Each structure stands twice: as structure tokens, then as C-alpha cells.
$ cat input_21.tsv   # TSV, C-alpha atoms
chain	number	residue	atom	x	y	z
A	24	MET	CA	1.38	8.13	3.14
A	25	GLY	CA	-1.05	6.73	0.63
A	26	VAL	CA	0.17	3.91	-1.60
A	27	MET	CA	-1.30	1.82	-4.37
A	28	VAL	CA	-0.22	-1.81	-4.31
A	29	LYS	CA	-0.74	-4.42	-7.00
A	30	LEU	CA	-0.93	-7.80	-5.36
A	31	ALA	CA	0.96	-10.74	-6.80
A	32	GLN	CA	-2.08	-12.87	-5.91
A	33	PRO	CA	-5.37	-10.92	-6.27
A	34	SER	CA	-7.46	-10.64	-3.13
A	35	VAL	CA	-10.56	-8.85	-1.87
A	36	ASP	CA	-9.86	-9.22	1.87
A	37	PRO	CA	-9.03	-5.75	3.24
A	38	THR	CA	-7.77	-7.09	6.58
A	39	VAL	CA	-5.30	-9.46	4.95
A	40	ILE	CA	-4.06	-6.74	2.57
A	41	ALA	CA	-3.56	-4.14	5.33
A	42	THR	CA	-1.83	-6.72	7.52
A	43	ARG	CA	0.53	-7.73	4.69
A	44	VAL	CA	1.44	-4.06	4.05
A	45	SER	CA	1.96	-3.47	7.77
A	46	ASP	CA	4.10	-6.58	8.16
A	47	THR	CA	6.25	-5.65	5.16
A	48	THR	CA	6.76	-2.00	6.12
A	49	ALA	CA	6.92	-2.51	9.90
A	50	ARG	CA	4.47	0.40	10.15
A	51	PRO	CA	0.73	0.57	10.88
A	52	ALA	CA	-1.32	0.33	7.69
A	53	ARG	CA	-5.00	1.02	7.01
A	54	TYR	CA	-6.90	-0.32	4.03
A	55	VAL	CA	-8.63	2.42	2.00
A	56	SER	CA	-10.19	0.98	-1.17
A	57	ALA	CA	-9.85	-1.29	-4.18
A	58	THR	CA	-9.73	-0.39	-7.85
A	59	SER	CA	-9.72	-4.10	-8.83
A	60	THR	CA	-8.95	-7.43	-7.19
A	61	ALA	CA	-5.25	-6.76	-7.81
A	62	TRP	CA	-4.88	-2.99	-7.12
A	63	HIS	CA	-5.59	-1.59	-3.66
A	64	ALA	CA	-5.13	1.75	-1.91
A	65	VAL	CA	-3.58	1.58	1.56
A	66	THR	CA	-2.39	4.23	4.00
A	67	VAL	CA	0.92	3.65	5.80
A	68	ALA	CA	1.71	5.62	8.98
A	69	CYS	CA	5.23	6.96	8.43
A	70	ARG	CA	7.32	9.00	10.87
A	71	GLY	CA	8.61	11.37	8.19
A	72	PRO	CA	9.80	11.60	4.58
A	73	ALA	CA	12.79	9.27	5.05
A	74	ASP	CA	10.61	6.72	6.84
A	75	CYS	CA	8.07	6.87	3.99
A	76	GLU	CA	10.84	6.21	1.46
A	77	LEU	CA	11.99	3.23	3.53
A	78	ALA	CA	8.42	1.88	3.64
A	79	LEU	CA	8.10	2.25	-0.15
A	80	ARG	CA	11.41	0.47	-0.67
A	81	ARG	CA	10.37	-2.40	1.59
A	82	LEU	CA	7.08	-2.80	-0.28
A	83	ARG	CA	8.80	-2.73	-3.67
A	84	GLU	CA	11.35	-5.32	-2.53
A	85	ASP	CA	8.59	-7.70	-1.38
A	86	THR	CA	7.95	-9.12	-4.85
A	87	THR	CA	6.50	-12.29	-3.33
A	88	HIS	CA	3.39	-10.36	-2.30
A	89	PHE	CA	3.43	-7.15	-4.37
A	90	GLU	CA	3.81	-6.98	-8.12
A	91	ALA	CA	3.90	-3.17	-8.19
A	92	VAL	CA	3.89	-0.33	-5.65
A	93	GLN	CA	3.45	3.39	-6.17
A	94	ARG	CA	2.48	6.44	-4.19
A	95	ASP	CA	-1.25	7.12	-4.34
A	96	GLU	CA	-1.41	10.48	-6.04
A	97	ARG	CA	-5.01	10.25	-7.22
A	98	LYS	CA	-7.08	13.39	-6.81
A	99	ARG	CA	-9.81	13.19	-4.18
A	100	ILE	CA	-13.24	14.67	-4.71
A	101	VAL	CA	-14.49	16.16	-1.47
A	102	SER	CA	-18.13	17.12	-1.15
A	103	PRO	CA	-19.33	19.74	1.34
$ encode --input "input_21.tsv" --output "C-alpha cells"
Amino acid sequence: MGVMVKLAQPSVDPTVIATRVSDTTARPARYVSATSTAWHAVTVACRGPADCELALRRLREDTTHFEAVQRDERKRIVSP
């Protein structure tokens, strides 16, 4: 599942961001990209829809590290 997280403390370190998401969700996370120093796209490895909802809830509850969390529903441009 792709998520967009807004960090409570802006950062540009992809390893730290992915680790924080993984620690919070208790699921493997992979850093994807940044849209600013605060907003970052991360992929969380969920086991299914209910597990993804649980991961989202955990991220949203971690207000110490994340100011906002939403599913990443941005359109991707794929070139041939």
C-alpha cells in the first residue's frame, strides 16, 4: 500500500523515514519519494485490506512523528 506521510519534524533522510514508518506499522516499509521536506511517499507491505487499514490507523495515531497520513492515490505516468 502506498501512503503519503507528513512528518511532524521535516527530514530528507529516506532511511530514517522508512524505518519510522516500519516501526510504527510493524510492517516492512520502503521509501519511494519526497514532494517536500515534510511530505514523503512510502510503500508499506500489508497482508491484506484489513492489515492495510490497521497500518494506516497506527500511522495516524503516531502524532509524535506524523502530522498527517493518507493513502497515496496519485496517478503514475509510465513510459514505454
$ residues_around --input "input_21.tsv" --residues "stretch 24-39 of chain A" --least-positions-apart "4" --cutoff "7 Å" --atoms "only C-alpha atoms" --output "ChimeraX atom specification"
/A:43,54,60-69,75,87-95
$ atom_distance --input "input_21.tsv" --atom1 "atom CA of A:Ser45" --atom2 "atom CA of A:Ser59"
20.3 Å
$ atom_distance --input "input_21.tsv" --atom1 "atom CA of A:Arg50" --atom2 "atom CA of A:Arg70"
9.1 Å
$ atom_distance --input "input_21.tsv" --atom1 "atom CA of A:Ala57" --atom2 "atom CA of A:Gly71"
25.6 Å
$ closest_residue --input "input_21.tsv" --among "A:Arg97, A:Ile40, A:Leu82, A:Ala73" --to "A:Arg53" --atoms "only C-alpha atoms"
A:Ile40
$ closest_residue --input "input_21.tsv" --among "A:Thr86, A:Ser56, A:Ala49, A:Glu96" --to "A:Asp74" --atoms "all atoms listed in the file"
A:Ala49
$ axis_aligned_box --input "input_21.tsv" --around "stretch 36-50 of chain A" --padding-each-side "3 Å" --output "AutoDock Vina command-line options"
--center_x -1.5 --center_y -4.5 --center_z 6.0 --size_x 22.8 --size_y 15.9 --size_z 14.3
$ decode --input "input_21.tsv" --residues "stretch 63-82 of chain A" --atoms "N, CA, C and O atoms" --output "PDB file, in the first residue's frame"
ATOM      1  N   HIS A  63       6.254  12.803   2.274  1.00  0.00           N
ATOM      2  CA  HIS A  63       7.017  11.718   1.666  1.00  0.00           C
ATOM      3  C   HIS A  63       6.095  10.557   1.286  1.00  0.00           C
ATOM      4  O   HIS A  63       5.144  10.258   2.005  1.00  0.00           O
ATOM      5  N   ALA A  64       6.413   9.917   0.169  1.00  0.00           N
ATOM      6  CA  ALA A  64       5.683   8.728  -0.261  1.00  0.00           C
ATOM      7  C   ALA A  64       6.455   7.496   0.202  1.00  0.00           C
ATOM      8  O   ALA A  64       7.677   7.417   0.037  1.00  0.00           O
ATOM      9  N   VAL A  65       5.718   6.563   0.798  1.00  0.00           N
ATOM     10  CA  VAL A  65       6.307   5.341   1.337  1.00  0.00           C
ATOM     11  C   VAL A  65       5.379   4.181   0.998  1.00  0.00           C
ATOM     12  O   VAL A  65       4.156   4.340   0.978  1.00  0.00           O
ATOM     13  N   THR A  66       5.948   3.024   0.719  1.00  0.00           N
ATOM     14  CA  THR A  66       5.160   1.821   0.486  1.00  0.00           C
ATOM     15  C   THR A  66       5.239   0.930   1.715  1.00  0.00           C
ATOM     16  O   THR A  66       6.327   0.673   2.230  1.00  0.00           O
ATOM     17  N   VAL A  67       4.084   0.472   2.174  1.00  0.00           N
ATOM     18  CA  VAL A  67       4.005  -0.423   3.340  1.00  0.00           C
ATOM     19  C   VAL A  67       3.523  -1.786   2.850  1.00  0.00           C
ATOM     20  O   VAL A  67       2.529  -1.883   2.135  1.00  0.00           O
ATOM     21  N   ALA A  68       4.222  -2.844   3.225  1.00  0.00           N
ATOM     22  CA  ALA A  68       3.856  -4.209   2.818  1.00  0.00           C
ATOM     23  C   ALA A  68       2.785  -4.740   3.764  1.00  0.00           C
ATOM     24  O   ALA A  68       3.078  -5.135   4.887  1.00  0.00           O
ATOM     25  N   CYS A  69       1.544  -4.730   3.301  1.00  0.00           N
ATOM     26  CA  CYS A  69       0.409  -5.220   4.099  1.00  0.00           C
ATOM     27  C   CYS A  69       0.075  -6.654   3.691  1.00  0.00           C
ATOM     28  O   CYS A  69       0.372  -7.077   2.577  1.00  0.00           O
ATOM     29  N   ARG A  70      -0.616  -7.351   4.579  1.00  0.00           N
ATOM     30  CA  ARG A  70      -1.029  -8.735   4.297  1.00  0.00           C
ATOM     31  C   ARG A  70      -2.408  -8.818   3.675  1.00  0.00           C
ATOM     32  O   ARG A  70      -2.849  -9.890   3.289  1.00  0.00           O
ATOM     33  N   GLY A  71      -3.112  -7.708   3.610  1.00  0.00           N
ATOM     34  CA  GLY A  71      -4.465  -7.683   3.061  1.00  0.00           C
ATOM     35  C   GLY A  71      -5.142  -6.384   3.423  1.00  0.00           C
ATOM     36  O   GLY A  71      -4.564  -5.539   4.120  1.00  0.00           O
ATOM     37  N   PRO A  72      -6.378  -6.187   2.969  1.00  0.00           N
ATOM     38  CA  PRO A  72      -7.093  -4.933   3.222  1.00  0.00           C
ATOM     39  C   PRO A  72      -7.209  -4.569   4.703  1.00  0.00           C
ATOM     40  O   PRO A  72      -6.983  -3.418   5.084  1.00  0.00           O
ATOM     41  N   ALA A  73      -7.551  -5.523   5.552  1.00  0.00           N
ATOM     42  CA  ALA A  73      -7.690  -5.229   6.980  1.00  0.00           C
ATOM     43  C   ALA A  73      -6.344  -4.846   7.590  1.00  0.00           C
ATOM     44  O   ALA A  73      -6.261  -3.947   8.434  1.00  0.00           O
ATOM     45  N   ASP A  74      -5.283  -5.501   7.153  1.00  0.00           N
ATOM     46  CA  ASP A  74      -3.946  -5.194   7.640  1.00  0.00           C
ATOM     47  C   ASP A  74      -3.513  -3.794   7.187  1.00  0.00           C
ATOM     48  O   ASP A  74      -2.871  -3.065   7.948  1.00  0.00           O
ATOM     49  N   CYS A  75      -3.884  -3.410   5.978  1.00  0.00           N
ATOM     50  CA  CYS A  75      -3.583  -2.061   5.477  1.00  0.00           C
ATOM     51  C   CYS A  75      -4.315  -1.016   6.310  1.00  0.00           C
ATOM     52  O   CYS A  75      -3.748   0.026   6.650  1.00  0.00           O
ATOM     53  N   GLU A  76      -5.560  -1.274   6.646  1.00  0.00           N
ATOM     54  CA  GLU A  76      -6.320  -0.335   7.483  1.00  0.00           C
ATOM     55  C   GLU A  76      -5.680  -0.196   8.860  1.00  0.00           C
ATOM     56  O   GLU A  76      -5.613   0.898   9.412  1.00  0.00           O
ATOM     57  N   LEU A  77      -5.213  -1.304   9.413  1.00  0.00           N
ATOM     58  CA  LEU A  77      -4.537  -1.274  10.704  1.00  0.00           C
ATOM     59  C   LEU A  77      -3.248  -0.446  10.611  1.00  0.00           C
ATOM     60  O   LEU A  77      -2.960   0.371  11.493  1.00  0.00           O
ATOM     61  N   ALA A  78      -2.491  -0.627   9.544  1.00  0.00           N
ATOM     62  CA  ALA A  78      -1.254   0.138   9.344  1.00  0.00           C
ATOM     63  C   ALA A  78      -1.559   1.632   9.241  1.00  0.00           C
ATOM     64  O   ALA A  78      -0.867   2.455   9.857  1.00  0.00           O
ATOM     65  N   LEU A  79      -2.594   1.984   8.485  1.00  0.00           N
ATOM     66  CA  LEU A  79      -2.990   3.392   8.372  1.00  0.00           C
ATOM     67  C   LEU A  79      -3.376   3.956   9.733  1.00  0.00           C
ATOM     68  O   LEU A  79      -2.984   5.077  10.091  1.00  0.00           O
ATOM     69  N   ARG A  80      -4.143   3.202  10.487  1.00  0.00           N
ATOM     70  CA  ARG A  80      -4.571   3.663  11.809  1.00  0.00           C
ATOM     71  C   ARG A  80      -3.374   3.887  12.718  1.00  0.00           C
ATOM     72  O   ARG A  80      -3.279   4.902  13.425  1.00  0.00           O
ATOM     73  N   ARG A  81      -2.426   2.957  12.695  1.00  0.00           N
ATOM     74  CA  ARG A  81      -1.229   3.106  13.529  1.00  0.00           C
ATOM     75  C   ARG A  81      -0.441   4.365  13.147  1.00  0.00           C
ATOM     76  O   ARG A  81       0.048   5.088  14.018  1.00  0.00           O
ATOM     77  N   LEU A  82      -0.305   4.604  11.844  1.00  0.00           N
ATOM     78  CA  LEU A  82       0.412   5.795  11.401  1.00  0.00           C
ATOM     79  C   LEU A  82      -0.315   7.066  11.842  1.00  0.00           C
ATOM     80  O   LEU A  82       0.308   8.017  12.314  1.00  0.00           O
TER      81      LEU A  82
END
